[in-house]
Each structure stands twice: as structure tokens, then as C-alpha cells.
Amino acid sequence: MPLDGAAVQRGCRGAELLTARQLCRAELEKFRAAAAGGEPIVVGCTQEAPLFSELAGDTAVTYANIRETAGWSKHADAAGPKMAALLAAAAEPVPEFSFVNLTSDGVILIYGRDEQAIEAGYLLKDHLDVTVLIKPPADVSPPRVTDFPVVRGAIRSAKGYLGKFELTVDGYAQPAPSSRGAFSFPTTRDGAVSRCDLVLDLSAVHRYSLRRTCATAICGPIPAIPRPYSRPC
């Protein structure tokens, strides 16, 4: 990786610049000597951050990734200014972050339109408290064993966030215990209030891999869940 030391020095005015070819191994003594001074240090390597932090002792160390984000490029020879900007930005103080506490009891609503939603329930029932909500007409066959509730309904409105979803369900109905070839829903009602912690929306899923869909929605980032839904009650 070519390193334009002059460009980096211009971007990090007033700082002492130390360059190396193998700072985390053969030239580790250079880092030890710099850390011994006690002044804050910015290191242009995130991969070896645990090693540098261990050796730094009480010296404050921050890190900038100038390799994957700059030097490892076909334009690396011209990346000096970008490296300088990354290192200078890392040295700037960062304001305190605010946090929001999110609590989940593992109650999940699976919203679907066919047997895929029930299949997802079987994949998750050993890990979460599952309820399956099937969109009308809900023409699906009842499972042989009732391991979790399967109800019918259509989402009218929804709001909330991870750990606290709330929605309104129209056409909500519980199946008749005597349902045989397909679920039978003798009575329905509008305006049912629903709450849950997690949501898996399969209402638009066609022939994707269901196991992969489940893993993405539960373990991936929150934007992977298209809309917030909750458990009918």
C-alpha cells in the first residue's frame, strides 16, 4: 500500500507523524516508544487494534481504517489526501452517544398468507413465543398438532419499535377446533388490538428460501422487517 507521508502530515497539522512498513510486527518497538510518551495516538490500522490497545497501557489510542477504505484501491497512489482526512477525523473528539433501552420477551408475530407462515412458526417455536396471523382468505390446512396459535386477520394499522409493537387487526378470528381440511373461522371481529416484541412479515414472500428469510428478519438489521406488526390478543 503506497503511503503519501507528506499528504498525511499536511492533513494532521501539529501532529508528529510516524510511518512504518510493519508496525504490528517487525516494527512494534516504534509503537511502544510512541505510546510511552503518554500523548494520545491515532493508528491507521483497525485490524490490529486489540494488540495496540494492549500495548498502549494508559495511553489513549484511536483507530482509522486507511487500508480497506483508501490504500487498497487502484487509485491508491492518489489516496493520500483521503488517508489524511480519515486520520484527522479520528483524532477529533466525538460527542457522547445517547442510548435507548429495548426490551424483548421473545414474543413474535408471524404474518403470512399461506402455509409458509406456519412453517416459519415451526422453525422458531423452540426459541420464541410464536403466534401466526394469516391474511384472509386464510385457506390453509390446520397442522396435526397445535404447537402455537394460528389466527386469521388483516392489518389495518401498525406502530411501535423492537420490543413494543402495536397494531390493529380487522377480520380477526380464531379457528374452530373442528377444522378439518382447511381452517374454519366461524366468527370475526374488527379492531382487535395486537402487541408483540418481534415481527416476521412473510405476507409478500413467494418462493424464496424460507430458512434464509427467517434468519434475515430475526438476526439482521431492523430495516429487514418491512413493517411492524404484533400479536393479536
# chains A, B, ... in the order shown; residues from 1 in each chain; ligands from 1
>>> closest_atom_pairs(of="range 76-186 of chain A", to="range 11-16 of chain A", cutoff="7 Å", atoms="only C-alpha atoms", output="tab-separated table")
residue	atom	partner	partner_atom	distance
A:Ala84	CA	A:Gly11	CA	4.9
A:Ala85	CA	A:Gly11	CA	6.3
A:Ala88	CA	A:Cys12	CA	5.5
>>> write_last_selection(atoms="all heavy atoms", output="PDB file, in the first residue's frame")
ATOM      1  N   ALA A  84      -5.263  11.177   4.943  1.00  0.00           N
ATOM      2  CA  ALA A  84      -5.069  12.286   5.882  1.00  0.00           C
ATOM      3  C   ALA A  84      -6.388  12.691   6.525  1.00  0.00           C
ATOM      4  O   ALA A  84      -6.461  12.953   7.730  1.00  0.00           O
ATOM      5  CB  ALA A  84      -4.431  13.467   5.156  1.00  0.00           C
ATOM      6  N   ALA A  85      -7.456  12.742   5.711  1.00  0.00           N
ATOM      7  CA  ALA A  85      -8.767  13.123   6.245  1.00  0.00           C
ATOM      8  C   ALA A  85      -9.278  12.090   7.246  1.00  0.00           C
ATOM      9  O   ALA A  85      -9.836  12.444   8.294  1.00  0.00           O
ATOM     10  CB  ALA A  85      -9.758  13.287   5.094  1.00  0.00           C
ATOM     11  N   ALA A  88      -7.199  12.502  10.464  1.00  0.00           N
ATOM     12  CA  ALA A  88      -7.542  13.740  11.158  1.00  0.00           C
ATOM     13  C   ALA A  88      -8.910  13.644  11.813  1.00  0.00           C
ATOM     14  O   ALA A  88      -9.122  14.113  12.943  1.00  0.00           O
ATOM     15  CB  ALA A  88      -7.494  14.909  10.180  1.00  0.00           C
TER      16      ALA A  88
END
>>> select_by_dssp(residues="range 2-213 of chain A", states="alpha helix (DSSP H)", output="count of residues only")
50
>>> residues_around(residues="Asn65 in chain A", least_positions_apart="4", cutoff="9 Å", atoms="only C-alpha atoms", output="MDAnalysis selection string")
chainID A and resid 43:47 69:70 83 86:87
>>> write_last_selection(atoms="N, CA, C and O atoms", output="JSON list (two decimals), in the first residue's frame")
[["chain", "number", "residue", "atom", "x", "y", "z"],
["A", 43, "VAL", "N", -3.83, 5.54, 15.23],
["A", 43, "VAL", "CA", -3.18, 4.49, 14.47],
["A", 43, "VAL", "C", -4.01, 4.19, 13.22],
["A", 43, "VAL", "O", -5.22, 3.99, 13.30],
["A", 44, "GLY", "N", -3.33, 4.16, 12.08],
["A", 44, "GLY", "CA", -4.02, 3.91, 10.82],
["A", 44, "GLY", "C", -4.20, 2.43, 10.55],
["A", 44, "GLY", "O", -3.87, 1.95, 9.45],
["A", 45, "CYS", "N", -4.71, 1.69, 11.52],
["A", 45, "CYS", "CA", -4.94, 0.26, 11.36],
["A", 45, "CYS", "C", -6.01, -0.16, 12.35],
["A", 45, "CYS", "O", -5.87, 0.08, 13.56],
["A", 46, "THR", "N", -7.07, -0.78, 11.85],
["A", 46, "THR", "CA", -8.12, -1.28, 12.74],
["A", 46, "THR", "C", -7.98, -2.78, 12.97],
["A", 46, "THR", "O", -8.47, -3.30, 13.98],
["A", 47, "GLN", "N", -7.33, -3.48, 12.07],
["A", 47, "GLN", "CA", -7.21, -4.94, 12.20],
["A", 47, "GLN", "C", -6.46, -5.34, 13.45],
["A", 47, "GLN", "O", -6.82, -6.29, 14.14],
["A", 69, "THR", "N", -10.42, 1.29, 3.21],
["A", 69, "THR", "CA", -11.19, 2.46, 2.77],
["A", 69, "THR", "C", -10.39, 3.44, 1.93],
["A", 69, "THR", "O", -10.95, 4.44, 1.48],
["A", 70, "ALA", "N", -9.10, 3.18, 1.69],
["A", 70, "ALA", "CA", -8.30, 4.12, 0.90],
["A", 70, "ALA", "C", -7.16, 3.44, 0.14],
["A", 70, "ALA", "O", -7.11, 3.44, -1.08],
["A", 83, "MET", "N", -6.51, 9.49, 3.11],
["A", 83, "MET", "CA", -5.93, 8.93, 4.33],
["A", 83, "MET", "C", -5.75, 10.01, 5.38],
["A", 83, "MET", "O", -6.03, 9.80, 6.57],
["A", 86, "LEU", "N", -9.08, 10.80, 6.94],
["A", 86, "LEU", "CA", -9.53, 9.75, 7.86],
["A", 86, "LEU", "C", -8.79, 9.82, 9.19],
["A", 86, "LEU", "O", -9.38, 9.68, 10.27],
["A", 87, "LEU", "N", -7.49, 10.03, 9.13],
["A", 87, "LEU", "CA", -6.69, 10.11, 10.36],
["A", 87, "LEU", "C", -7.03, 11.36, 11.15],
["A", 87, "LEU", "O", -7.15, 11.32, 12.38]]
>>> closest_residue(among="A:Asp126, A:Asp190, A:Asp114, A:Asp147", to="Thr168 in chain A", atoms="only C-alpha atoms")
A:Asp190
>>> atom_distance(atom1="CA of Gly191 in chain A", atom2="CA of Val107 in chain A")
20.6 Å
>>> residues_around(residues="Tyr172 in chain A", least_positions_apart="4", cutoff="10 Å", atoms="only C-alpha atoms", output="ChimeraX atom specification")
/A:133-136,151-155,168,185,187-193,232-233
